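Trainee: My structure is in entry.pdb, and what it holds is PDB, C-alpha atoms, pLDDT in the B column:
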```
ATOM      1  CA  MET A  11     -12.548   9.221   7.890  1.00 39.00           C
ATOM      2  CA  THR A  12     -10.761   5.923   8.378  1.00 42.00           C
ATOM      3  CA  ARG A  13      -7.241   5.927   7.015  1.00 42.00           C
ATOM      4  CA  ARG A  14      -5.932   2.708   5.505  1.00 46.00           C
ATOM      5  CA  SER A  15      -2.513   1.736   6.775  1.00 44.00           C
ATOM      6  CA  ALA A  16      -0.204  -1.227   6.767  1.00 46.00           C
ATOM      7  CA  ALA A  17       1.569  -3.142   9.456  1.00 48.00           C
ATOM      8  CA  ALA A  18       4.654  -5.120   8.695  1.00 50.00           C
ATOM      9  CA  VAL A  19       6.644  -7.638  10.665  1.00 50.00           C
ATOM     10  CA  VAL A  20      10.164  -8.224   9.490  1.00 46.00           C
ATOM     11  CA  ILE A  21      11.435 -11.672  10.346  1.00 48.00           C
ATOM     12  CA  ALA A  22      15.095 -12.565  10.294  1.00 49.00           C
ATOM     13  CA  THR A  23      16.118 -16.169  10.819  1.00 52.00           C
ATOM     14  CA  GLU A  24      19.462 -17.889  10.844  1.00 59.00           C
ATOM     15  CA  ASN A  25      18.672 -19.887   7.705  1.00 60.00           C
ATOM     16  CA  ASN A  26      16.981 -17.262   5.481  1.00 56.00           C
ATOM     17  CA  LEU A  27      13.420 -18.277   6.477  1.00 51.00           C
ATOM     18  CA  LYS A  28      14.089 -22.013   5.967  1.00 55.00           C
ATOM     19  CA  ASP A  29      13.688 -22.462   9.743  1.00 54.00           C
ATOM     20  CA  PHE A  30      10.580 -20.264   9.928  1.00 49.00           C
ATOM     21  CA  VAL A  31       7.701 -22.307  11.405  1.00 52.00           C
ATOM     22  CA  ASN A  32       4.777 -20.601   9.650  1.00 51.00           C
ATOM     23  CA  PRO A  33       3.698 -22.678   6.603  1.00 50.00           C
ATOM     24  CA  VAL A  34       5.224 -21.035   3.530  1.00 51.00           C
ATOM     25  CA  ASP A  35       4.891 -22.522   0.063  1.00 58.00           C
ATOM     26  CA  GLU A  36       7.709 -22.764  -2.500  1.00 58.00           C
ATOM     27  CA  ASN A  37       6.806 -19.300  -3.857  1.00 60.00           C
ATOM     28  CA  GLY A  38       7.196 -17.640  -0.456  1.00 56.00           C
ATOM     29  CA  ARG A  39       3.467 -17.174   0.142  1.00 55.00           C
ATOM     30  CA  ILE A  40       1.950 -17.970   3.519  1.00 52.00           C
ATOM     31  CA  VAL A  41      -0.508 -20.806   3.052  1.00 54.00           C
ATOM     32  CA  ALA A  42      -2.875 -19.884   5.898  1.00 51.00           C
ATOM     33  CA  PRO A  43      -4.262 -17.596   7.134  1.00 54.00           C
ATOM     34  CA  ASP A  44      -3.813 -14.778   4.644  1.00 54.00           C
ATOM     35  CA  SER A  45      -6.169 -12.340   6.326  1.00 58.00           C
ATOM     36  CA  PHE A  46      -4.864  -9.926   8.948  1.00 57.00           C
ATOM     37  CA  ASN A  47      -8.425  -9.836  10.340  1.00 58.00           C
ATOM     38  CA  ASP A  48      -8.328 -13.598  10.957  1.00 62.00           C
ATOM     39  CA  VAL A  49      -5.012 -13.354  12.794  1.00 59.00           C
ATOM     40  CA  ILE A  50      -6.207 -10.529  15.064  1.00 56.00           C
ATOM     41  CA  LYS A  51      -9.541 -12.275  15.685  1.00 61.00           C
ATOM     42  CA  SER A  52      -7.672 -15.441  16.709  1.00 60.00           C
ATOM     43  CA  TYR A  53      -6.473 -13.464  19.741  1.00 56.00           C
ATOM     44  CA  GLY A  54     -10.088 -12.726  20.696  1.00 59.00           C
ATOM     45  CA  VAL A  55     -10.042  -9.133  19.450  1.00 55.00           C
ATOM     46  CA  PRO A  56     -12.908  -8.044  17.176  1.00 56.00           C
ATOM     47  CA  ALA A  57     -11.332  -6.474  14.106  1.00 51.00           C
ATOM     48  CA  ASP A  58     -12.153  -5.243  10.659  1.00 51.00           C
ATOM     49  CA  TYR A  59      -9.166  -3.894   8.794  1.00 48.00           C
ATOM     50  CA  GLY A  60     -10.781  -4.229   5.366  1.00 49.00           C
ATOM     51  CA  ASP A  61     -10.263  -6.744   2.593  1.00 49.00           C
ATOM     52  CA  ALA A  62      -6.937  -5.252   1.514  1.00 48.00           C
ATOM     53  CA  SER A  63      -5.170  -6.346   4.697  1.00 49.00           C
ATOM     54  CA  LYS A  64      -3.085  -9.416   3.978  1.00 51.00           C
ATOM     55  CA  ILE A  65      -0.153 -11.213   5.517  1.00 52.00           C
ATOM     56  CA  GLY A  66       2.829 -11.937   3.360  1.00 53.00           C
ATOM     57  CA  VAL A  67       6.473 -12.840   3.439  1.00 52.00           C
ATOM     58  CA  TYR A  68       8.592 -10.592   1.273  1.00 56.00           C
ATOM     59  CA  GLU A  69      12.003 -11.538   0.005  1.00 61.00           C
ATOM     60  CA  GLY A  70      14.053  -8.456  -0.849  1.00 65.00           C
ATOM     61  CA  ASN A  71      15.392  -9.897  -4.100  1.00 76.00           C
ATOM     62  CA  ASN A  72      11.865 -10.366  -5.483  1.00 84.00           C
ATOM     63  CA  THR A  73      10.115  -7.209  -4.308  1.00 87.00           C
ATOM     64  CA  THR A  74      10.065  -3.475  -4.887  1.00 91.00           C
ATOM     65  CA  THR A  75       9.378  -1.020  -2.088  1.00 91.00           C
ATOM     66  CA  VAL A  76       7.387   1.856  -3.581  1.00 94.00           C
ATOM     67  CA  THR A  77       7.490   5.238  -1.837  1.00 95.00           C
ATOM     68  CA  LEU A  78       4.804   7.663  -2.968  1.00 97.00           C
ATOM     69  CA  THR A  79       5.181  11.310  -1.921  1.00 97.00           C
ATOM     70  CA  VAL A  80       1.909  13.249  -2.023  1.00 97.00           C
ATOM     71  CA  THR A  81       2.001  17.027  -2.230  1.00 97.00           C
ATOM     72  CA  GLY A  82      -0.683  19.670  -2.381  1.00 94.00           C
ATOM     73  CA  THR A  83      -0.890  23.437  -2.360  1.00 85.00           C
ATOM     74  CA  ASP A  84       2.540  25.123  -2.642  1.00 88.00           C
ATOM     75  CA  SER A  85       4.169  21.646  -2.749  1.00 91.00           C
ATOM     76  CA  ALA A  86       3.270  21.072   0.907  1.00 94.00           C
ATOM     77  CA  ALA A  87       3.222  17.468   2.101  1.00 95.00           C
ATOM     78  CA  VAL A  88      -0.245  15.884   2.335  1.00 94.00           C
ATOM     79  CA  ALA A  89      -0.040  13.611   5.368  1.00 91.00           C
ATOM     80  CA  ASN A  90      -3.728  12.626   5.470  1.00 89.00           C
ATOM     81  CA  ALA A  91      -4.264  11.154   2.008  1.00 93.00           C
ATOM     82  CA  ALA A  92      -6.127   7.900   1.485  1.00 93.00           C
ATOM     83  CA  LEU A  93      -4.759   5.436  -1.057  1.00 94.00           C
ATOM     84  CA  ALA A  94      -6.589   2.660  -2.888  1.00 94.00           C
ATOM     85  CA  ILE A  95      -3.940   0.401  -4.429  1.00 94.00           C
ATOM     86  CA  THR A  96      -5.033  -2.163  -7.003  1.00 94.00           C
ATOM     87  CA  LYS A  97      -2.438  -4.517  -8.428  1.00 94.00           C
ATOM     88  CA  GLY A  98      -2.480  -5.529 -12.091  1.00 94.00           C
ATOM     89  CA  ASP A  99      -4.192  -8.827 -11.156  1.00 92.00           C
ATOM     90  CA  GLY A 100      -7.084  -6.904  -9.564  1.00 92.00           C
ATOM     91  CA  SER A 101      -6.161  -7.606  -5.946  1.00 89.00           C
ATOM     92  CA  ARG A 102      -5.989  -4.781  -3.407  1.00 89.00           C
ATOM     93  CA  ILE A 103      -3.040  -4.183  -1.087  1.00 88.00           C
ATOM     94  CA  GLY A 104      -2.435  -2.034   1.959  1.00 85.00           C
ATOM     95  CA  TYR A 105       0.152   0.644   2.567  1.00 87.00           C
ATOM     96  CA  LEU A 106       2.004   2.438   5.343  1.00 85.00           C
ATOM     97  CA  ASN A 107       1.224   6.114   5.976  1.00 87.00           C
ATOM     98  CA  ASN A 108       4.536   7.553   7.201  1.00 86.00           C
ATOM     99  CA  ALA A 109       2.652  10.670   8.490  1.00 86.00           C
ATOM    100  CA  ASN A 110       4.964  13.045   6.604  1.00 92.00           C
ATOM    101  CA  GLY A 111       3.380  13.032   3.144  1.00 93.00           C
ATOM    102  CA  THR A 112       5.034   9.758   2.116  1.00 93.00           C
ATOM    103  CA  TYR A 113       3.298   6.413   1.764  1.00 92.00           C
ATOM    104  CA  THR A 114       5.038   3.048   1.336  1.00 90.00           C
ATOM    105  CA  PHE A 115       3.866  -0.263  -0.104  1.00 90.00           C
ATOM    106  CA  VAL A 116       5.468  -3.395  -1.527  1.00 89.00           C
ATOM    107  CA  LEU A 117       4.978  -4.954  -4.972  1.00 90.00           C
ATOM    108  CA  GLY A 118       6.622  -7.972  -6.546  1.00 89.00           C
ATOM    109  CA  ARG A 119       9.320  -7.293  -9.114  1.00 91.00           C
ATOM    110  CA  GLY A 120       7.719  -6.616 -12.482  1.00 93.00           C
ATOM    111  CA  GLU A 121       4.237  -6.136 -10.980  1.00 94.00           C
ATOM    112  CA  THR A 122       2.000  -3.226 -11.894  1.00 96.00           C
ATOM    113  CA  ALA A 123      -0.482  -1.251  -9.829  1.00 97.00           C
ATOM    114  CA  THR A 124      -2.896   1.644 -10.037  1.00 98.00           C
ATOM    115  CA  VAL A 125      -2.967   3.938  -7.007  1.00 97.00           C
ATOM    116  CA  GLU A 126      -5.951   6.214  -6.435  1.00 97.00           C
ATOM    117  CA  VAL A 127      -4.936   9.104  -4.172  1.00 96.00           C
ATOM    118  CA  SER A 128      -7.582  11.184  -2.418  1.00 95.00           C
ATOM    119  CA  ALA A 129      -7.466  13.842   0.289  1.00 94.00           C
ATOM    120  CA  THR A 130      -9.933  16.367   1.645  1.00 93.00           C
ATOM    121  CA  GLY A 131      -9.828  19.610  -0.335  1.00 93.00           C
ATOM    122  CA  TYR A 132      -8.150  18.063  -3.389  1.00 95.00           C
ATOM    123  CA  THR A 133      -9.191  16.378  -6.622  1.00 95.00           C
ATOM    124  CA  THR A 134      -8.563  12.626  -6.646  1.00 96.00           C
ATOM    125  CA  ALA A 135      -5.499  11.634  -8.682  1.00 97.00           C
ATOM    126  CA  THR A 136      -4.270   8.351 -10.141  1.00 98.00           C
ATOM    127  CA  VAL A 137      -0.692   7.065 -10.167  1.00 98.00           C
ATOM    128  CA  ASN A 138       0.226   4.180 -12.473  1.00 98.00           C
ATOM    129  CA  VAL A 139       3.124   1.982 -11.363  1.00 98.00           C
ATOM    130  CA  THR A 140       4.508   0.071 -14.350  1.00 97.00           C
ATOM    131  CA  ALA A 141       6.542  -3.120 -14.621  1.00 96.00           C
ATOM    132  CA  ALA A 142       9.556  -0.984 -15.539  1.00 97.00           C
ATOM    133  CA  ASN A 143       9.083   0.968 -12.279  1.00 97.00           C
ATOM    134  CA  THR A 144       9.202  -2.248 -10.234  1.00 94.00           C
ATOM    135  CA  ALA A 145      12.283  -3.711 -11.925  1.00 93.00           C
ATOM    136  CA  ALA A 146      14.537  -2.559  -9.053  1.00 93.00           C
ATOM    137  CA  ALA A 147      14.423  -2.876  -5.252  1.00 90.00           C
ATOM    138  CA  THR A 148      13.007   0.631  -4.752  1.00 93.00           C
ATOM    139  CA  TYR A 149      10.888   3.082  -6.697  1.00 96.00           C
ATOM    140  CA  ALA A 150      10.018   6.644  -5.638  1.00 97.00           C
ATOM    141  CA  VAL A 151       7.287   8.735  -7.231  1.00 98.00           C
ATOM    142  CA  THR A 152       5.640  12.059  -6.391  1.00 97.00           C
ATOM    143  CA  GLN A 153       2.007  12.945  -7.029  1.00 97.00           C
ATOM    144  CA  ALA A 154       0.887  16.576  -6.761  1.00 96.00           C
ATOM    145  CA  LEU A 155      -2.781  16.952  -5.876  1.00 96.00           C
ATOM    146  CA  THR A 156      -4.749  19.909  -7.183  1.00 93.00           C
ATOM    147  CA  ALA A 157      -7.624  21.828  -5.671  1.00 88.00           C
ATOM    148  CA  PRO A 158     -10.953  21.166  -7.355  1.00 83.00           C
ATOM    149  CA  VAL A 159     -11.924  23.635 -10.056  1.00 76.00           C
ATOM    150  CA  ALA A 160     -14.775  25.877  -8.942  1.00 72.00           C
ATOM    151  CA  PRO A 161     -17.768  25.868 -11.279  1.00 71.00           C
ATOM    152  CA  ALA A 162     -17.908  28.869 -13.579  1.00 69.00           C
ATOM    153  CA  LYS A 163     -20.343  31.558 -12.548  1.00 73.00           C
ATOM    154  CA  VAL A 164     -23.030  32.205 -15.105  1.00 73.00           C
ATOM    155  CA  SER A 165     -24.147  35.778 -15.562  1.00 68.00           C
ATOM    156  CA  THR A 166     -27.900  36.277 -15.451  1.00 70.00           C
ATOM    157  CA  LYS A 167     -27.839  39.694 -17.198  1.00 67.00           C
TER     158      LYS A 167
END
```
As a first step, turn the structure in this file into structure tokens.
Mentor:
Amino acid sequence: MTRRSAAAVVIATENNLKDFVNPVDENGRIVAPDSFNDVIKSYGVPADYGDASKIGVYEGNNTTTVTLTVTGTDSAAVANAALAITKGDGSRIGYLNNANGTYTFVLGRGETATVEVSATGYTTATVNVTAANTAAATYAVTQALTAPVAPAKVSTK
């Protein structure tokens, strides 16, 4: 099983990114390249991190850091879950697996997302992140996974 994860680079500059040399448009988006694969490949390393791996500049005043805690049997942390995060506009984003049952990702303020959570031995669950949830700088949510229901045994008597 390949686990999706996220890598982040936090850049601090003296002039609040105004002196940052990477081309950034007026909305704070990097103009090119936007694919993490393309950046890694430019160093001569073959890579395939999936289509959800993007590069972005995040300004704290315009983003929400979402922390999803995933629990399973007896409220134990599920550190090996796989997330599929789809924003309201249909685009996919990556996440950081903190290896302790928590997963972190970033959304713009007021954005929505649907998070599909799956893990071996559990039924897949869906978490909906609403615009109200992303109105502040942080949002924390917990999703309890359940074991799949065994099929009922049919008596042959």
Trainee: For Ala142 of chain A, which residue among A:Ala123, A:Ala109, A:Leu78, A:Ala157 is the nearest when counting only C-alpha atoms?
Mentor: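 Among the listed residues, the smallest separation from Ala142 of chain A belongs to A:Ala123.
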Trainee: Just give me the gap between atom CA of Thr136 of chain A and atom CA of Thr96 of chain A in Å, one decimal is fine.
Mentor: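 Atom CA of Thr96 of chain A lies 11.0 Å from atom CA of Thr136 of chain A.
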Trainee: Work out how far atom CA of Val139 of chain A is from atom CA of Thr156 of chain A, in Å to one decimal.
Mentor: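 The value is 20.0 Å.
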Trainee: How many Å separate atom CA of Asn107 of chain A from atom CA of Asn72 of chain A?
Mentor: 22.7 Å
Trainee: List the residues sitting within 10 Å of (14.3, -10.3, -8.4) in the file's frame, using only C-alpha atoms, as a PyMOL selection string.
Mentor: chain A and resi 69-74+118-120+144-147
Trainee: Can I get the selection written as an mmCIF file, in the frame of the given file, with C-alpha atoms?
Mentor:
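Once written, selection00.cif looks like this:
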```cif
data_model
loop_
_atom_site.group_PDB
_atom_site.id
_atom_site.type_symbol
_atom_site.label_atom_id
_atom_site.label_comp_id
_atom_site.auth_asym_id
_atom_site.auth_seq_id
_atom_site.Cartn_x
_atom_site.Cartn_y
_atom_site.Cartn_z
ATOM 1 C CA GLU A 69 12.003 -11.538 0.005
ATOM 2 C CA GLY A 70 14.053 -8.456 -0.849
ATOM 3 C CA ASN A 71 15.392 -9.897 -4.100
ATOM 4 C CA ASN A 72 11.865 -10.366 -5.483
ATOM 5 C CA THR A 73 10.115 -7.209 -4.308
ATOM 6 C CA THR A 74 10.065 -3.475 -4.887
ATOM 7 C CA GLY A 118 6.622 -7.972 -6.546
ATOM 8 C CA ARG A 119 9.320 -7.293 -9.114
ATOM 9 C CA GLY A 120 7.719 -6.616 -12.482
ATOM 10 C CA THR A 144 9.202 -2.248 -10.234
ATOM 11 C CA ALA A 145 12.283 -3.711 -11.925
ATOM 12 C CA ALA A 146 14.537 -2.559 -9.053
ATOM 13 C CA ALA A 147 14.423 -2.876 -5.252
#
```
Trainee: Would you kindly translate the PyMOL selection byres ((chain A and resi 124-130) around 6) into the concrete residues it picks from this file, as a count of residues only?
Mentor: 14
Trainee: Please expand the PyMOL selection byres ((chain A and resi 154) around 10) into the concrete residues it hits in this file, giving the result as a PyMOL selection string.
Mentor: chain A and resi 79-88+127+132+135+152-153+155-156
